[in-house]
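Pasted below: start-v1.cif, mmCIF, C-alpha atoms.
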data_start
#
loop_
_atom_site.label_atom_id
_atom_site.label_comp_id
_atom_site.auth_asym_id
_atom_site.auth_seq_id
_atom_site.Cartn_x
_atom_site.Cartn_y
_atom_site.Cartn_z
CA MET A 1009 101.95 80.42 104.13
CA ALA A 1010 99.17 80.74 106.72
CA ASN A 1011 100.33 84.28 107.55
CA LEU A 1012 100.71 85.32 103.92
CA MET A 1013 98.39 85.68 100.97
CA GLN A 1014 98.55 85.98 97.21
CA LEU A 1015 97.99 89.26 95.35
CA ASN A 1016 97.11 89.38 91.66
CA VAL A 1017 96.59 92.66 89.79
CA LEU A 1018 95.29 92.32 86.24
CA SER A 1019 94.31 94.74 83.50
CA PRO A 1020 92.68 93.77 80.18
CA ASP A 1021 96.03 93.60 78.38
CA ALA A 1022 98.49 92.57 81.11
CA TYR A 1023 99.18 90.71 84.31
CA VAL A 1024 100.45 93.83 86.10
CA PHE A 1025 101.59 92.22 89.34
CA GLN A 1026 101.58 88.83 91.07
CA ALA A 1027 103.11 87.73 94.36
CA ASP A 1028 102.36 85.07 96.93
CA ASN A 1029 104.29 86.60 99.85
CA ILE A 1030 101.90 89.41 100.82
CA SER A 1031 101.14 90.15 104.47
CA TYR A 1032 98.77 93.12 104.01
CA VAL A 1033 96.79 94.97 101.32
CA ASP A 1034 95.27 98.44 101.71
CA ALA A 1035 92.77 99.35 98.98
CA HIS A 1036 90.38 102.25 98.41
CA THR A 1037 86.90 101.00 97.61
CA GLU A 1038 83.91 103.11 96.65
CA GLY A 1039 82.71 102.57 100.23
CA GLY A 1040 85.99 103.65 101.83
CA ALA A 1041 89.40 102.21 102.66
CA VAL A 1042 89.75 98.52 103.44
CA GLY A 1043 92.67 96.70 105.01
CA ILE A 1044 93.10 93.04 104.15
CA LEU A 1045 95.11 90.59 106.24
CA PRO A 1046 95.62 86.87 105.62
CA ARG A 1047 92.49 84.75 106.20
CA HIS A 1048 90.23 87.77 105.46
CA ALA A 1049 86.58 86.96 104.87
CA THR A 1050 85.43 86.54 101.29
CA MET A 1051 84.44 89.87 99.78
CA VAL A 1052 83.98 91.73 96.51
CA ALA A 1053 84.20 95.52 96.23
CA ALA A 1054 84.32 98.22 93.56
CA LEU A 1055 87.55 100.24 93.63
CA ASP A 1056 88.18 103.96 93.24
CA PRO A 1057 91.15 105.18 91.18
CA ALA A 1058 93.75 105.34 93.94
CA PRO A 1059 97.07 104.06 95.21
CA LEU A 1060 97.03 100.45 96.40
CA LYS A 1061 99.45 99.65 99.22
CA TYR A 1062 100.70 96.18 99.98
CA ARG A 1063 103.29 94.81 102.36
CA ASP A 1064 105.55 91.86 101.61
CA GLU A 1065 106.55 89.17 104.12
CA THR A 1066 109.18 91.47 105.66
CA GLY A 1067 106.60 94.22 106.21
CA GLU A 1068 108.09 96.51 103.56
CA ALA A 1069 105.47 98.73 101.89
CA HIS A 1070 105.05 98.85 98.10
CA TYR A 1071 102.59 100.79 95.95
CA LEU A 1072 100.61 100.37 92.74
CA PHE A 1073 98.21 102.73 91.01
CA VAL A 1074 94.84 101.11 90.32
CA ASP A 1075 92.42 102.89 87.97
CA GLY A 1076 89.25 101.64 89.60
CA GLY A 1077 87.86 98.20 88.91
CA PHE A 1078 87.03 95.39 91.29
CA LEU A 1079 88.68 93.65 94.21
CA GLU A 1080 87.91 90.09 95.24
CA VAL A 1081 89.18 88.36 98.38
CA LYS A 1082 88.70 84.61 98.49
CA ASP A 1083 90.69 81.73 100.00
CA ASN A 1084 93.68 83.91 100.92
CA VAL A 1085 93.92 85.35 97.39
CA VAL A 1086 93.35 89.04 96.64
CA THR A 1087 92.54 89.62 92.98
CA ILE A 1088 92.22 93.07 91.47
CA LEU A 1089 90.72 93.58 88.02
CA SER A 1090 91.26 97.10 86.74
CA VAL A 1091 91.02 99.00 83.49
CA ALA A 1092 94.62 100.08 84.09
CA ALA A 1093 97.20 99.55 86.80
CA GLU A 1094 100.87 100.48 87.18
CA ILE A 1095 103.55 99.77 89.72
CA ALA A 1096 104.75 103.03 91.27
CA GLU A 1097 108.22 102.80 89.75
CA SER A 1098 106.83 102.67 86.21
CA ILE A 1099 104.62 105.76 86.48
CA ASP A 1100 105.75 108.64 84.28
CA VAL A 1101 105.40 111.56 86.72
CA GLU A 1102 105.84 114.24 84.04
CA LYS A 1103 103.04 112.69 82.00
CA ALA A 1104 100.79 112.48 85.09
CA GLU A 1105 101.52 116.10 86.01
CA ALA A 1106 100.75 117.20 82.43
CA ALA A 1107 97.43 115.30 82.56
CA LEU A 1108 96.65 116.97 85.88
CA GLU A 1109 97.33 120.45 84.45
CA ARG A 1110 95.19 119.71 81.34
CA ALA A 1111 92.28 118.59 83.51
CA LYS A 1112 92.57 121.65 85.77
CA ALA A 1113 92.68 123.94 82.72
CA LYS A 1114 89.53 122.35 81.29
CA ILE A 1115 87.71 122.76 84.61
CA ASP A 1116 88.83 126.39 84.87
CA ASN A 1117 87.60 127.10 81.32
CA LEU A 1118 84.37 125.12 81.08
CA ASP A 1119 82.30 125.34 77.96
CA LYS A 1120 79.28 123.42 76.66
CA GLU A 1121 81.34 120.81 74.80
CA ILE A 1122 83.33 119.70 77.86
CA ASP A 1123 82.22 116.47 79.51
CA LEU A 1124 82.66 117.53 83.14
CA PRO A 1125 82.38 114.04 84.70
CA ALA A 1126 85.05 112.74 82.30
CA VAL A 1127 87.36 115.67 83.08
CA GLN A 1128 86.83 115.16 86.82
CA ALA A 1129 87.70 111.47 86.37
CA ASP A 1130 90.88 112.48 84.49
CA LEU A 1131 91.77 114.84 87.33
CA LYS A 1132 91.23 112.18 89.99
CA ARG A 1133 93.27 109.64 87.99
CA ALA A 1134 96.20 112.03 87.56
CA GLU A 1135 96.15 112.97 91.24
CA ALA A 1136 96.10 109.30 92.26
CA ARG A 1137 99.03 108.43 89.96
CA ILE A 1138 101.11 111.29 91.41
CA LYS A 1139 100.14 110.31 94.99
CA THR A 1140 101.20 106.71 94.29
CA VAL A 1141 104.69 107.84 93.31
CA LYS A 1142 104.98 110.16 96.35
CA LEU A 1143 103.91 107.38 98.72
CA SER A 1144 106.36 104.98 97.13
CA LYS A 1145 109.24 107.41 97.56
CA ALA A 1146 108.26 108.05 101.19
CA LYS A 1147 107.83 104.28 101.86
CA ALA A 1148 105.22 104.96 104.51
#
If you took the structure in this file and wrote it as structure tokens, what would it be?
Amino acid sequence: MANLMQLNVLSPDAYVFQADNISYVDAHTEGGAVGILPRHATMVAALDPAPLKYRDETGEAHYLFVDGGFLEVKDNVVTILSVAAEIAESIDVEKAEAALERAKAKIDNLDKEIDLPAVQADLKRAEARIKTVKLSKAKA
């Protein structure tokens, strides 16, 4: 177990993912990308809405979408607390593409009632969900 770590991904209403055979985690923090290997130093970071990549004990890559939140690394355990998270295989691509098109349409047709930061967040979230699925299918 010295060369592996535990990964827990939680949202307010669900334990999205848990495994104790993880060899690597790649997350996108507000300060940039961070790679986490077993025995990583203790850290806490705010996350951007983005794909989260992890590798199991065989080195196979897997992906989750994480809608921001926080990442904590402590005692060989990586814990992610997010408003929402989904494993790549459960993402509804058609729904994500529709959300992307709605956000783009709102940005293209701005008026005074549109909350631009919220629309930009919707756009980023939809793009990240679609990217998660693409990465999962490519198994990079």
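Restricting the calculation to only C-alpha atoms, the smallest distance between Ile1115 (chain A) and any of A:Leu1072, A:Leu1131, A:Leu1012, A:Glu1065 is found for A:Leu1131.
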Contacts between region 1042-1052 of chain A and region 1009-1036 of chain A, please, where a residue of region 1009-1036 of chain A counts if it comes within 12 Å (with only C-alpha atoms); show its shortest atom pair and distance in Å to one decimal, rows by chain and ascending number, as a tab-separated table.
residue	atom	partner	partner_atom	distance
A:Met1009	CA	A:Pro1046	CA	9.2
A:Ala1010	CA	A:Pro1046	CA	7.2
A:Asn1011	CA	A:Pro1046	CA	5.7
A:Leu1012	CA	A:Pro1046	CA	5.6
A:Met1013	CA	A:Pro1046	CA	5.5
A:Gln1014	CA	A:Pro1046	CA	9.0
A:Leu1015	CA	A:Ile1044	CA	10.8
A:Asp1028	CA	A:Pro1046	CA	11.1
A:Asn1029	CA	A:Pro1046	CA	10.4
A:Ile1030	CA	A:Pro1046	CA	8.3
A:Ser1031	CA	A:Leu1045	CA	6.3
A:Tyr1032	CA	A:Leu1045	CA	5.0
A:Val1033	CA	A:Ile1044	CA	5.0
A:Asp1034	CA	A:Gly1043	CA	4.5
A:Ala1035	CA	A:Val1042	CA	5.4
A:His1036	CA	A:Val1042	CA	6.3
Writer output for current selection, C-alpha atoms, as a PDB file, in the coordinates of the input:
ATOM      1  CA  MET A1009     101.950  80.420 104.130  1.00  0.00           C
ATOM      2  CA  ALA A1010      99.170  80.740 106.720  1.00  0.00           C
ATOM      3  CA  ASN A1011     100.330  84.280 107.550  1.00  0.00           C
ATOM      4  CA  LEU A1012     100.710  85.320 103.920  1.00  0.00           C
ATOM      5  CA  MET A1013      98.390  85.680 100.970  1.00  0.00           C
ATOM      6  CA  GLN A1014      98.550  85.980  97.210  1.00  0.00           C
ATOM      7  CA  LEU A1015      97.990  89.260  95.350  1.00  0.00           C
ATOM      8  CA  ASP A1028     102.360  85.070  96.930  1.00  0.00           C
ATOM      9  CA  ASN A1029     104.290  86.600  99.850  1.00  0.00           C
ATOM     10  CA  ILE A1030     101.900  89.410 100.820  1.00  0.00           C
ATOM     11  CA  SER A1031     101.140  90.150 104.470  1.00  0.00           C
ATOM     12  CA  TYR A1032      98.770  93.120 104.010  1.00  0.00           C
ATOM     13  CA  VAL A1033      96.790  94.970 101.320  1.00  0.00           C
ATOM     14  CA  ASP A1034      95.270  98.440 101.710  1.00  0.00           C
ATOM     15  CA  ALA A1035      92.770  99.350  98.980  1.00  0.00           C
ATOM     16  CA  HIS A1036      90.380 102.250  98.410  1.00  0.00           C
TER      17      HIS A1036
END
- Atom pair CA of Ala1058 (chain A) / CA of Asp1123 (chain A): separation (Å):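 So the two atoms, CA of Ala1058 (chain A) and CA of Asp1123 (chain A), lie 21.6 Å apart.
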Contacts of Leu1143 (chain A) at 12 Å (all atoms listed in the file; same-chain gap of 5+ positions) as a short mmCIF file (atom, residue, chain, number, x, y, z; two decimals) with C-alpha atoms, in the frame of the given file:
data_model
loop_
_atom_site.label_atom_id
_atom_site.label_comp_id
_atom_site.auth_asym_id
_atom_site.auth_seq_id
_atom_site.Cartn_x
_atom_site.Cartn_y
_atom_site.Cartn_z
CA ALA A 1058 93.75 105.34 93.94
CA PRO A 1059 97.07 104.06 95.21
CA LEU A 1060 97.03 100.45 96.40
CA LYS A 1061 99.45 99.65 99.22
CA TYR A 1062 100.70 96.18 99.98
CA ALA A 1069 105.47 98.73 101.89
CA HIS A 1070 105.05 98.85 98.10
CA TYR A 1071 102.59 100.79 95.95
CA LEU A 1072 100.61 100.37 92.74
CA PHE A 1073 98.21 102.73 91.01
CA ILE A 1095 103.55 99.77 89.72
CA ALA A 1096 104.75 103.03 91.27
CA GLU A 1097 108.22 102.80 89.75
CA ALA A 1136 96.10 109.30 92.26
CA ARG A 1137 99.03 108.43 89.96
CA ILE A 1138 101.11 111.29 91.41
CA ALA A 1148 105.22 104.96 104.51
#
- When distances are computed from only C-alpha atoms, which of A:Ile1088, A:Ala1041, A:Ala1104, A:Ala1129 shows the smallest separation from Gln1026 (chain A)?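 Closest to Gln1026 (chain A), using only C-alpha atoms: A:Ile1088.
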- Item | Distance of CA of Ser1144 (chain A) from CA of Asp1064 (chain A), expressed in Å to one decimal place |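 CA of Asp1064 (chain A) sits 13.9 Å away from CA of Ser1144 (chain A).
Proximity of A:Val1141, A:Leu1118, A:Ile1099, A:Ala1027 to Arg1063 (chain A), computed with all atoms listed in the file, is greatest for A:Ala1027.
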- Message: From the options A:Thr1037, A:Asn1016, A:Asn1117, A:Ser1098, which residue's atoms come nearest to Phe1078 (chain A), counting only C-alpha atoms?
- Response: A:Thr1037
- Query: To one decimal place, how far is CA of Glu1135 (chain A) from CA of Glu1102 (chain A) in Å?
  - Reply: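 CA of Glu1135 (chain A) sits 12.1 Å away from CA of Glu1102 (chain A).
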- Closest to Lys1132 (chain A) among A:Asp1119, A:Glu1094, A:Asp1100, A:Asp1056, using all atoms listed in the file? A:Asp1056
